[in-house]
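Engineer: Data file start-v9.csv (CSV, N, CA and C atoms) is appended below.
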chain,number,residue,atom,x,y,z
A,61,GLN,N,1.3,-21.2,-4.5
A,61,GLN,CA,2.3,-20.2,-4.5
A,61,GLN,C,1.7,-18.9,-4.4
A,62,VAL,N,2.1,-18.0,-3.5
A,62,VAL,CA,1.6,-16.7,-3.3
A,62,VAL,C,2.2,-15.7,-4.3
A,63,GLN,N,1.3,-14.9,-4.9
A,63,GLN,CA,1.8,-13.9,-5.8
A,63,GLN,C,1.0,-12.6,-5.5
A,64,LEU,N,1.6,-11.5,-5.6
A,64,LEU,CA,1.0,-10.2,-5.5
A,64,LEU,C,1.3,-9.5,-6.8
A,65,VAL,N,0.2,-9.1,-7.5
A,65,VAL,CA,0.4,-8.4,-8.8
A,65,VAL,C,-0.2,-7.0,-8.7
A,66,GLU,N,0.6,-6.0,-8.9
A,66,GLU,CA,0.1,-4.6,-8.9
A,66,GLU,C,-0.2,-4.1,-10.3
A,67,SER,N,-1.0,-3.1,-10.3
A,67,SER,CA,-1.3,-2.4,-11.6
A,67,SER,C,-1.8,-1.0,-11.2
A,68,GLY,N,-1.8,-0.2,-12.2
A,68,GLY,CA,-2.4,1.2,-12.1
A,68,GLY,C,-1.4,2.3,-12.0
A,69,GLY,N,-0.1,2.0,-11.9
A,69,GLY,CA,0.8,3.1,-11.9
A,69,GLY,C,0.9,3.9,-13.3
A,70,GLY,N,1.5,5.0,-13.3
A,70,GLY,CA,1.7,5.7,-14.5
A,70,GLY,C,2.1,7.2,-14.3
A,71,LEU,N,2.0,8.0,-15.3
A,71,LEU,CA,2.4,9.4,-15.2
A,71,LEU,C,1.1,10.2,-15.0
A,72,VAL,N,1.2,11.1,-14.1
A,72,VAL,CA,0.1,12.0,-13.8
A,72,VAL,C,0.6,13.4,-13.5
A,73,GLN,N,-0.2,14.4,-13.8
A,73,GLN,CA,0.2,15.8,-13.4
A,73,GLN,C,0.0,16.0,-11.9
A,74,ALA,N,0.7,16.9,-11.3
A,74,ALA,CA,0.5,17.3,-9.9
A,74,ALA,C,-0.9,17.7,-9.8
A,75,GLY,N,-1.5,17.3,-8.7
A,75,GLY,CA,-3.0,17.5,-8.4
A,75,GLY,C,-3.9,16.5,-9.0
A,76,GLY,N,-3.3,15.6,-9.8
A,76,GLY,CA,-4.2,14.5,-10.4
A,76,GLY,C,-4.3,13.3,-9.5
A,77,SER,N,-5.0,12.3,-10.0
A,77,SER,CA,-5.3,11.1,-9.2
A,77,SER,C,-4.9,9.8,-10.0
A,78,LEU,N,-4.6,8.8,-9.2
A,78,LEU,CA,-4.4,7.5,-9.7
A,78,LEU,C,-5.0,6.5,-8.7
A,79,ARG,N,-5.3,5.3,-9.2
A,79,ARG,CA,-5.7,4.2,-8.4
A,79,ARG,C,-4.8,3.0,-8.6
A,80,LEU,N,-4.1,2.5,-7.6
A,80,LEU,CA,-3.3,1.3,-7.7
A,80,LEU,C,-4.2,0.1,-7.2
A,81,SER,N,-3.9,-1.0,-7.9
A,81,SER,CA,-4.6,-2.2,-7.5
A,81,SER,C,-3.5,-3.3,-7.2
A,82,CYS,N,-3.8,-4.2,-6.3
A,82,CYS,CA,-2.9,-5.3,-6.0
A,82,CYS,C,-3.8,-6.5,-5.8
A,83,THR,N,-3.6,-7.6,-6.6
A,83,THR,CA,-4.4,-8.8,-6.4
A,83,THR,C,-3.5,-9.9,-5.9
A,84,ALA,N,-3.9,-10.5,-4.8
A,84,ALA,CA,-3.1,-11.6,-4.3
A,84,ALA,C,-3.7,-12.9,-4.7
A,85,SER,N,-2.9,-13.9,-5.0
A,85,SER,CA,-3.3,-15.2,-5.4
A,85,SER,C,-2.6,-16.2,-4.4
A,86,GLY,N,-3.3,-17.3,-4.2
A,86,GLY,CA,-2.7,-18.3,-3.4
A,86,GLY,C,-3.3,-18.4,-2.0
A,87,ARG,N,-3.6,-17.3,-1.4
A,87,ARG,CA,-4.2,-17.3,-0.1
A,87,ARG,C,-4.6,-15.9,0.3
A,88,THR,N,-5.3,-15.7,1.4
A,88,THR,CA,-5.7,-14.4,1.9
A,88,THR,C,-4.8,-14.1,3.1
A,89,PHE,N,-4.9,-12.8,3.5
A,89,PHE,CA,-4.0,-12.2,4.5
A,89,PHE,C,-4.8,-11.4,5.5
A,90,THR,N,-4.3,-11.3,6.7
A,90,THR,CA,-5.0,-10.4,7.6
A,90,THR,C,-4.8,-8.9,7.3
A,91,HIS,N,-3.6,-8.6,6.9
A,91,HIS,CA,-3.2,-7.2,6.6
A,91,HIS,C,-2.6,-7.1,5.2
A,92,MET,N,-3.0,-6.0,4.5
A,92,MET,CA,-2.3,-5.7,3.3
A,92,MET,C,-1.9,-4.2,3.3
A,93,GLY,N,-0.9,-3.9,2.7
A,93,GLY,CA,-0.4,-2.5,2.7
A,93,GLY,C,0.3,-2.1,1.5
A,94,TRP,N,0.6,-0.8,1.5
A,94,TRP,CA,1.4,-0.2,0.4
A,94,TRP,C,2.6,0.5,1.0
A,95,PHE,N,3.7,0.3,0.3
A,95,PHE,CA,4.9,1.0,0.7
A,95,PHE,C,5.4,1.7,-0.6
A,96,ARG,N,6.4,2.6,-0.5
A,96,ARG,CA,6.9,3.2,-1.7
A,96,ARG,C,8.4,3.5,-1.5
A,97,ARG,N,9.1,3.5,-2.6
A,97,ARG,CA,10.5,3.9,-2.5
A,97,ARG,C,10.8,4.9,-3.7
A,98,ALA,N,11.2,6.1,-3.3
A,98,ALA,CA,11.6,7.1,-4.2
A,98,ALA,C,13.1,7.0,-4.5
A,99,PRO,N,13.6,7.5,-5.6
A,99,PRO,CA,15.0,7.4,-5.9
A,99,PRO,C,15.9,8.0,-4.8
A,100,ALA,N,16.9,7.2,-4.4
A,100,ALA,CA,17.9,7.6,-3.4
A,100,ALA,C,17.2,7.8,-2.0
A,101,LYS,N,16.1,7.2,-1.8
A,101,LYS,CA,15.4,7.2,-0.5
A,101,LYS,C,15.1,5.8,0.0
A,102,GLU,N,14.9,5.7,1.3
A,102,GLU,CA,14.5,4.5,1.9
A,102,GLU,C,13.1,4.1,1.6
A,103,ARG,N,12.8,2.9,1.6
A,103,ARG,CA,11.4,2.4,1.4
A,103,ARG,C,10.6,3.0,2.6
A,104,GLU,N,9.4,3.5,2.4
A,104,GLU,CA,8.6,4.0,3.4
A,104,GLU,C,7.2,3.5,3.4
A,105,PHE,N,6.6,3.4,4.5
A,105,PHE,CA,5.2,3.0,4.7
A,105,PHE,C,4.3,4.0,4.1
A,106,VAL,N,3.2,3.6,3.4
A,106,VAL,CA,2.2,4.5,2.9
A,106,VAL,C,0.9,4.3,3.6
A,107,ALA,N,0.4,3.0,3.5
A,107,ALA,CA,-1.0,2.7,4.1
A,107,ALA,C,-1.1,1.3,4.3
A,108,ALA,N,-2.0,0.9,5.2
A,108,ALA,CA,-2.3,-0.5,5.5
A,108,ALA,C,-3.8,-0.7,5.9
A,109,ILE,N,-4.3,-1.9,5.7
A,109,ILE,CA,-5.7,-2.1,6.0
A,109,ILE,C,-5.8,-3.5,6.6
A,110,ASN,N,-6.7,-3.7,7.5
A,110,ASN,CA,-6.9,-5.1,8.1
A,110,ASN,C,-7.9,-5.9,7.2
A,111,ARG,N,-8.1,-7.1,7.6
A,111,ARG,CA,-8.9,-8.0,6.8
A,111,ARG,C,-10.4,-7.5,6.5
A,112,GLY,N,-11.0,-7.0,7.6
A,112,GLY,CA,-12.3,-6.5,7.5
A,112,GLY,C,-12.5,-5.2,6.8
A,113,GLY,N,-11.4,-4.5,6.6
A,113,GLY,CA,-11.4,-3.2,6.0
A,113,GLY,C,-11.9,-2.1,6.9
A,114,ASP,N,-12.1,-2.4,8.2
A,114,ASP,CA,-12.6,-1.4,9.1
A,114,ASP,C,-11.5,-0.6,9.8
A,115,SER,N,-10.3,-1.1,9.7
A,115,SER,CA,-9.2,-0.4,10.3
A,115,SER,C,-8.1,-0.1,9.2
A,116,THR,N,-7.9,1.2,9.0
A,116,THR,CA,-6.9,1.7,8.0
A,116,THR,C,-5.9,2.5,8.7
A,117,TYR,N,-4.7,2.5,8.1
A,117,TYR,CA,-3.6,3.3,8.7
A,117,TYR,C,-2.8,4.0,7.6
A,118,TYR,N,-2.4,5.2,7.9
A,118,TYR,CA,-1.7,6.0,6.8
A,118,TYR,C,-0.5,6.7,7.4
A,119,ALA,N,0.4,6.9,6.5
A,119,ALA,CA,1.6,7.8,6.8
A,119,ALA,C,1.0,9.2,6.9
A,120,ASP,N,1.6,10.0,7.7
A,120,ASP,CA,1.2,11.4,7.8
A,120,ASP,C,1.3,12.1,6.5
A,121,SER,N,2.2,11.8,5.7
A,121,SER,CA,2.4,12.5,4.4
A,121,SER,C,1.3,12.3,3.4
A,122,VAL,N,0.5,11.2,3.6
A,122,VAL,CA,-0.5,11.0,2.6
A,122,VAL,C,-1.9,11.0,3.2
A,123,LYS,N,-2.0,11.2,4.5
A,123,LYS,CA,-3.3,11.2,5.2
A,123,LYS,C,-4.2,12.4,4.6
A,124,GLY,N,-5.4,12.0,4.3
A,124,GLY,CA,-6.3,13.0,3.7
A,124,GLY,C,-6.3,13.0,2.2
A,125,ARG,N,-5.3,12.4,1.6
A,125,ARG,CA,-5.2,12.4,0.2
A,125,ARG,C,-5.3,11.0,-0.4
A,126,PHE,N,-4.8,10.0,0.3
A,126,PHE,CA,-4.8,8.6,-0.2
A,126,PHE,C,-5.8,7.9,0.6
A,127,THR,N,-6.4,6.9,-0.1
A,127,THR,CA,-7.4,6.0,0.6
A,127,THR,C,-7.1,4.6,0.2
A,128,ILE,N,-6.9,3.7,1.2
A,128,ILE,CA,-6.7,2.3,1.0
A,128,ILE,C,-8.0,1.6,1.2
A,129,SER,N,-8.3,0.6,0.4
A,129,SER,CA,-9.5,-0.2,0.6
A,129,SER,C,-9.2,-1.6,0.1
A,130,ARG,N,-10.1,-2.6,0.4
A,130,ARG,CA,-9.8,-3.9,-0.1
A,130,ARG,C,-11.2,-4.6,-0.4
A,131,ASP,N,-11.1,-5.5,-1.4
A,131,ASP,CA,-12.3,-6.3,-1.8
A,131,ASP,C,-11.9,-7.7,-1.6
A,132,ASN,N,-12.3,-8.3,-0.5
A,132,ASN,CA,-11.9,-9.7,-0.1
A,132,ASN,C,-12.4,-10.7,-1.1
A,133,ALA,N,-13.5,-10.5,-1.7
A,133,ALA,CA,-14.0,-11.4,-2.7
A,133,ALA,C,-13.1,-11.5,-3.9
A,134,LYS,N,-12.4,-10.4,-4.2
A,134,LYS,CA,-11.4,-10.4,-5.3
A,134,LYS,C,-10.0,-10.6,-4.7
A,135,ASN,N,-9.8,-10.6,-3.4
A,135,ASN,CA,-8.5,-10.7,-2.8
A,135,ASN,C,-7.6,-9.6,-3.3
A,136,THR,N,-8.2,-8.4,-3.4
A,136,THR,CA,-7.5,-7.2,-4.0
A,136,THR,C,-7.5,-6.0,-3.0
A,137,VAL,N,-6.4,-5.4,-3.0
A,137,VAL,CA,-6.3,-4.1,-2.2
A,137,VAL,C,-6.1,-3.0,-3.2
A,138,TYR,N,-6.7,-1.8,-2.9
A,138,TYR,CA,-6.6,-0.7,-3.7
A,138,TYR,C,-5.9,0.5,-3.0
A,139,LEU,N,-5.3,1.4,-3.7
A,139,LEU,CA,-4.8,2.6,-3.1
A,139,LEU,C,-5.3,3.8,-4.1
A,140,ARG,N,-6.2,4.5,-3.6
A,140,ARG,CA,-6.7,5.7,-4.3
A,140,ARG,C,-5.8,6.9,-3.9
A,141,MET,N,-5.2,7.5,-4.9
A,141,MET,CA,-4.3,8.6,-4.6
A,141,MET,C,-4.8,9.9,-5.3
A,142,ASN,N,-5.2,10.8,-4.4
A,142,ASN,CA,-5.7,12.1,-4.9
A,142,ASN,C,-4.7,13.2,-4.6
A,143,SER,N,-4.9,14.3,-5.3
A,143,SER,CA,-4.0,15.5,-5.0
A,143,SER,C,-2.5,15.1,-5.0
A,144,LEU,N,-2.1,14.4,-6.0
A,144,LEU,CA,-0.8,13.9,-6.1
A,144,LEU,C,0.2,15.1,-6.2
A,145,LYS,N,1.3,14.9,-5.5
A,145,LYS,CA,2.4,15.9,-5.5
A,145,LYS,C,3.7,15.3,-6.1
A,146,PRO,N,4.6,16.1,-6.6
A,146,PRO,CA,5.8,15.5,-7.1
A,146,PRO,C,6.6,14.6,-6.1
A,147,GLU,N,6.5,14.9,-4.9
A,147,GLU,CA,7.1,14.1,-3.9
A,147,GLU,C,6.5,12.8,-3.6
A,148,ASP,N,5.3,12.5,-4.2
A,148,ASP,CA,4.7,11.2,-4.2
A,148,ASP,C,5.3,10.3,-5.2
A,149,ALA,N,6.1,10.8,-6.1
A,149,ALA,CA,6.6,9.9,-7.2
A,149,ALA,C,7.5,8.9,-6.6
A,150,ALA,N,7.3,7.6,-6.9
A,150,ALA,CA,8.1,6.5,-6.4
A,150,ALA,C,7.6,5.2,-7.0
A,151,VAL,N,8.3,4.2,-6.7
A,151,VAL,CA,7.8,2.8,-7.0
A,151,VAL,C,7.0,2.4,-5.8
A,152,TYR,N,5.8,2.0,-6.1
A,152,TYR,CA,4.9,1.6,-5.1
A,152,TYR,C,4.8,0.1,-5.0
A,153,TYR,N,4.9,-0.4,-3.8
A,153,TYR,CA,4.9,-1.9,-3.6
A,153,TYR,C,3.7,-2.3,-2.7
A,154,CYS,N,3.1,-3.3,-3.2
A,154,CYS,CA,2.0,-3.9,-2.4
A,154,CYS,C,2.7,-5.0,-1.5
A,155,ALA,N,2.1,-5.1,-0.3
A,155,ALA,CA,2.6,-6.0,0.7
A,155,ALA,C,1.5,-6.7,1.4
A,156,ALA,N,1.7,-8.0,1.8
A,156,ALA,CA,0.7,-8.7,2.5
A,156,ALA,C,1.3,-9.6,3.6
A,157,GLY,N,0.6,-9.7,4.7
A,157,GLY,CA,1.1,-10.4,5.8
A,157,GLY,C,0.0,-10.7,6.8
A,158,ASP,N,0.3,-11.5,7.8
A,158,ASP,CA,-0.6,-11.9,8.8
A,158,ASP,C,-0.2,-11.3,10.2
A,159,MET,N,-1.0,-10.5,10.7
A,159,MET,CA,-0.7,-9.9,12.0
A,159,MET,C,-1.9,-9.9,12.9
A,160,SER,N,-1.7,-9.8,14.2
A,160,SER,CA,-2.8,-9.8,15.1
A,160,SER,C,-3.3,-8.4,15.2
A,161,PRO,N,-4.6,-8.2,15.5
A,161,PRO,CA,-5.2,-6.9,15.7
A,161,PRO,C,-4.6,-6.2,17.0
A,162,PHE,N,-3.9,-7.0,17.8
A,162,PHE,CA,-3.3,-6.5,19.0
A,162,PHE,C,-1.9,-6.0,18.7
A,163,ASP,N,-1.4,-6.2,17.5
A,163,ASP,CA,0.0,-5.8,17.2
A,163,ASP,C,0.2,-4.3,17.2
A,164,GLY,N,-0.9,-3.7,16.8
A,164,GLY,CA,-0.8,-2.2,16.8
A,164,GLY,C,-0.3,-1.6,15.6
A,165,TYR,N,-0.5,-0.2,15.5
A,165,TYR,CA,-0.2,0.6,14.4
A,165,TYR,C,1.3,0.4,14.0
A,166,ILE,N,2.2,0.5,14.9
A,166,ILE,CA,3.6,0.4,14.6
A,166,ILE,C,3.9,-0.8,13.8
A,167,SER,N,3.4,-2.0,14.2
A,167,SER,CA,3.6,-3.2,13.4
A,167,SER,C,3.2,-3.1,12.0
A,168,TYR,N,2.0,-2.5,11.8
A,168,TYR,CA,1.5,-2.4,10.5
A,168,TYR,C,2.3,-1.5,9.5
A,169,THR,N,3.1,-0.7,10.1
A,169,THR,CA,3.9,0.2,9.3
A,169,THR,C,5.3,-0.3,9.0
A,170,ARG,N,5.6,-1.5,9.6
A,170,ARG,CA,7.0,-2.0,9.4
A,170,ARG,C,7.0,-3.0,8.3
A,171,ALA,N,7.9,-2.8,7.3
A,171,ALA,CA,8.0,-3.7,6.2
A,171,ALA,C,8.3,-5.1,6.6
A,172,ASN,N,9.1,-5.3,7.6
A,172,ASN,CA,9.5,-6.7,8.0
A,172,ASN,C,8.3,-7.5,8.6
A,173,LYS,N,7.2,-6.9,8.8
A,173,LYS,CA,6.0,-7.6,9.2
A,173,LYS,C,5.2,-8.2,8.1
A,174,TYR,N,5.6,-7.9,6.9
A,174,TYR,CA,4.9,-8.3,5.7
A,174,TYR,C,5.8,-9.4,5.0
A,175,ALA,N,5.2,-10.6,4.8
A,175,ALA,CA,6.0,-11.7,4.3
A,175,ALA,C,6.0,-11.7,2.7
A,176,TYR,N,5.0,-11.1,2.1
A,176,TYR,CA,4.9,-11.2,0.7
A,176,TYR,C,4.8,-9.8,0.0
A,177,TRP,N,5.5,-9.7,-1.1
A,177,TRP,CA,5.6,-8.4,-1.8
A,177,TRP,C,5.3,-8.5,-3.3
A,178,GLY,N,4.8,-7.4,-3.8
A,178,GLY,CA,4.6,-7.4,-5.3
A,178,GLY,C,5.9,-6.9,-5.9
A,179,GLN,N,5.8,-6.8,-7.2
A,179,GLN,CA,7.0,-6.4,-8.0
A,179,GLN,C,7.2,-4.9,-8.1
A,180,GLY,N,6.2,-4.1,-7.7
A,180,GLY,CA,6.2,-2.7,-7.7
A,180,GLY,C,5.6,-2.1,-9.0
A,181,THR,N,5.1,-0.9,-8.8
A,181,THR,CA,4.5,-0.2,-10.0
A,181,THR,C,5.0,1.3,-9.9
A,182,GLN,N,5.4,1.8,-11.0
A,182,GLN,CA,6.0,3.2,-11.0
A,182,GLN,C,4.9,4.2,-11.0
A,183,VAL,N,5.0,5.2,-10.1
A,183,VAL,CA,4.1,6.4,-10.2
A,183,VAL,C,5.0,7.6,-10.4
A,184,THR,N,4.7,8.3,-11.4
A,184,THR,CA,5.5,9.5,-11.8
A,184,THR,C,4.5,10.7,-11.7
A,185,VAL,N,4.9,11.8,-11.0
A,185,VAL,CA,4.1,13.0,-10.9
A,185,VAL,C,4.9,14.2,-11.5
A,186,SER,N,4.3,14.7,-12.5
A,186,SER,CA,5.0,15.9,-13.1
A,186,SER,C,4.4,17.2,-12.5
A,187,SER,N,5.4,18.1,-12.4
A,187,SER,CA,5.0,19.4,-11.7
A,187,SER,C,4.6,20.4,-12.8
Let me see whether you can do it: turn the structure in this file into C-alpha cells.

Structural biologist:
Amino acid sequence: QVQLVESGGGLVQAGGSLRLSCTASGRTFTHMGWFRRAPAKEREFVAAINRGGDSTYYADSVKGRFTISRDNAKNTVYLRMNSLKPEDAAVYYCAAGDMSPFDGYISYTRANKYAYWGQGTQVTVSS
C-alpha cells in the first residue's frame, strides 16, 4: 500500500525558512512534487522533481526562493522554502506519480498526473 507522509510545516515569520519532507512507502516514483492550497483558493503547483533529481520545475511565484530535492535511498522528497511571504501560507501537499521524461513541464505541473497524495501539512507565515 502506497503512503505519502509529510512533515515540517509550522508557523514562521515572513522572511523565514521551513523545510518540508515527504516520505513515500510502498514503491518509488518517477516524479514527486509539491502543491499547495490556500484558503478560498484553488490548489496550485509549487515544484516537481524527476527520479534522478537532475530536473526540477517551479512555479514562477516560488522560483528562486524554494528548492525541491529528493533522496531516493530514503524515498523522500524535500521542499526547502526560504524568504517566506504571507502569500505562501497554505496547506502543502506532497504528490507522487509516474511520468515520462517526454511528457514535459506542463504535465509535471498538473495535479491529475499524480496518482498519490499526502495528507497535507500546514504552513503559516506571519507578517

Engineer: If I take atom N of Val185 (chain A) and atom C of Pro99 (chain A), how far is one from the other in Å, to one decimal?

Structural biologist: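 Atom N of Val185 (chain A) sits 13.2 Å away from atom C of Pro99 (chain A).
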
Engineer: For each of A:Cys82, A:Ala133, A:Val106, A:Ala171, take the minimum atom-to-atom distance to Cys154 (chain A), counting all atoms listed in the file, then give the residue where this is smallest.

Structural biologist: A:Cys82

Engineer: Taking (9.7, 5.6, -2.7) in the file's coordinates as the center, which residues reach within 7 Å of it, counting only N, CA and C atoms, put as a ChimeraX atom specification?

Structural biologist: /A:95-99,101-104,148-152

Engineer: Anything within 6.5 Å of (-0.1, 4.7, 2.8): list those residues as a list in words, counting only N, CA and C atoms and sticking to the file's coordinates.

Structural biologist: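 With a cut-off of 6.5 Å, the residues come to Trp94, Phe95, Phe105, Val106, Ala107, Ala108, Tyr117, Tyr118, Ala119 and Val122 of chain A.
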
Engineer: Can you write just those residues out, N, CA and C atoms, as an mmCIF file, in the coordinates of the input?

Structural biologist:
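File produced: again_23.cif:
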data_model
loop_
_atom_site.group_PDB
_atom_site.id
_atom_site.type_symbol
_atom_site.label_atom_id
_atom_site.label_comp_id
_atom_site.auth_asym_id
_atom_site.auth_seq_id
_atom_site.Cartn_x
_atom_site.Cartn_y
_atom_site.Cartn_z
ATOM 1 N N TRP A 94 0.600 -0.800 1.500
ATOM 2 C CA TRP A 94 1.400 -0.200 0.400
ATOM 3 C C TRP A 94 2.600 0.500 1.000
ATOM 4 N N PHE A 95 3.700 0.300 0.300
ATOM 5 C CA PHE A 95 4.900 1.000 0.700
ATOM 6 C C PHE A 95 5.400 1.700 -0.600
ATOM 7 N N PHE A 105 6.600 3.400 4.500
ATOM 8 C CA PHE A 105 5.200 3.000 4.700
ATOM 9 C C PHE A 105 4.300 4.000 4.100
ATOM 10 N N VAL A 106 3.200 3.600 3.400
ATOM 11 C CA VAL A 106 2.200 4.500 2.900
ATOM 12 C C VAL A 106 0.900 4.300 3.600
ATOM 13 N N ALA A 107 0.400 3.000 3.500
ATOM 14 C CA ALA A 107 -1.000 2.700 4.100
ATOM 15 C C ALA A 107 -1.100 1.300 4.300
ATOM 16 N N ALA A 108 -2.000 0.900 5.200
ATOM 17 C CA ALA A 108 -2.300 -0.500 5.500
ATOM 18 C C ALA A 108 -3.800 -0.700 5.900
ATOM 19 N N TYR A 117 -4.700 2.500 8.100
ATOM 20 C CA TYR A 117 -3.600 3.300 8.700
ATOM 21 C C TYR A 117 -2.800 4.000 7.600
ATOM 22 N N TYR A 118 -2.400 5.200 7.900
ATOM 23 C CA TYR A 118 -1.700 6.000 6.800
ATOM 24 C C TYR A 118 -0.500 6.700 7.400
ATOM 25 N N ALA A 119 0.400 6.900 6.500
ATOM 26 C CA ALA A 119 1.600 7.800 6.800
ATOM 27 C C ALA A 119 1.000 9.200 6.900
ATOM 28 N N VAL A 122 0.500 11.200 3.600
ATOM 29 C CA VAL A 122 -0.500 11.000 2.600
ATOM 30 C C VAL A 122 -1.900 11.000 3.200
#

Engineer: Pick out the residues sitting within 7 Å of Thr90 (chain A), and hand them over as a ChimeraX atom specification; count only N, CA and C atoms, and ignore anything fewer than 3 positions along from it in its own chain.

Structural biologist: /A:109-112,156-159

Engineer: If I take atom C of Gly76 (chain A) and CA of Gln182 (chain A), how far is one from the other in Å, to one decimal?

Structural biologist: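 For atom C of Gly76 (chain A) relative to CA of Gln182 (chain A), the distance reads 14.5 Å.
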
Engineer: Could you tell me how far CA of Thr181 (chain A) sits from CA of Gly69 (chain A), in Å to one decimal place?

Structural biologist: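 Between these atoms lies a distance of 5.3 Å.
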
Engineer: When DSSP is applied to the backbone of this structure, which of chain A are assigned alpha helix (DSSP H)? Write them out as a list in words.

Structural biologist: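 Restricting chain A to alpha helix (DSSP H) produces Tyr165, Ile166, Ser167 and Tyr168 of chain A.
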
Engineer: Name the residues in contact with Leu71 (chain A) at a cut-off of 8 Å, using only C-alpha atoms, excluding same-chain residues fewer than 3 positions from it; report them as a VMD selection string.

Structural biologist: chain A and resid 183 to 186

Engineer: May I have all residues of chain A that DSSP, computed from the backbone, assigns to strand (DSSP E), given as an MDAnalysis selection string?

Structural biologist: chainID A and resid 63:67 70:73 78:85 91:97 104:110 116:118 126:131 136:141 150:157 176:177 181:186

Engineer: When distances are computed from all atoms listed in the file, which of A:Phe126, A:Phe162, A:Tyr168, A:Trp177 shows the smallest separation from Leu139 (chain A)?

Structural biologist: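 Looking only at the distances to Leu139 (chain A), the closest residue turns out to be A:Phe126.
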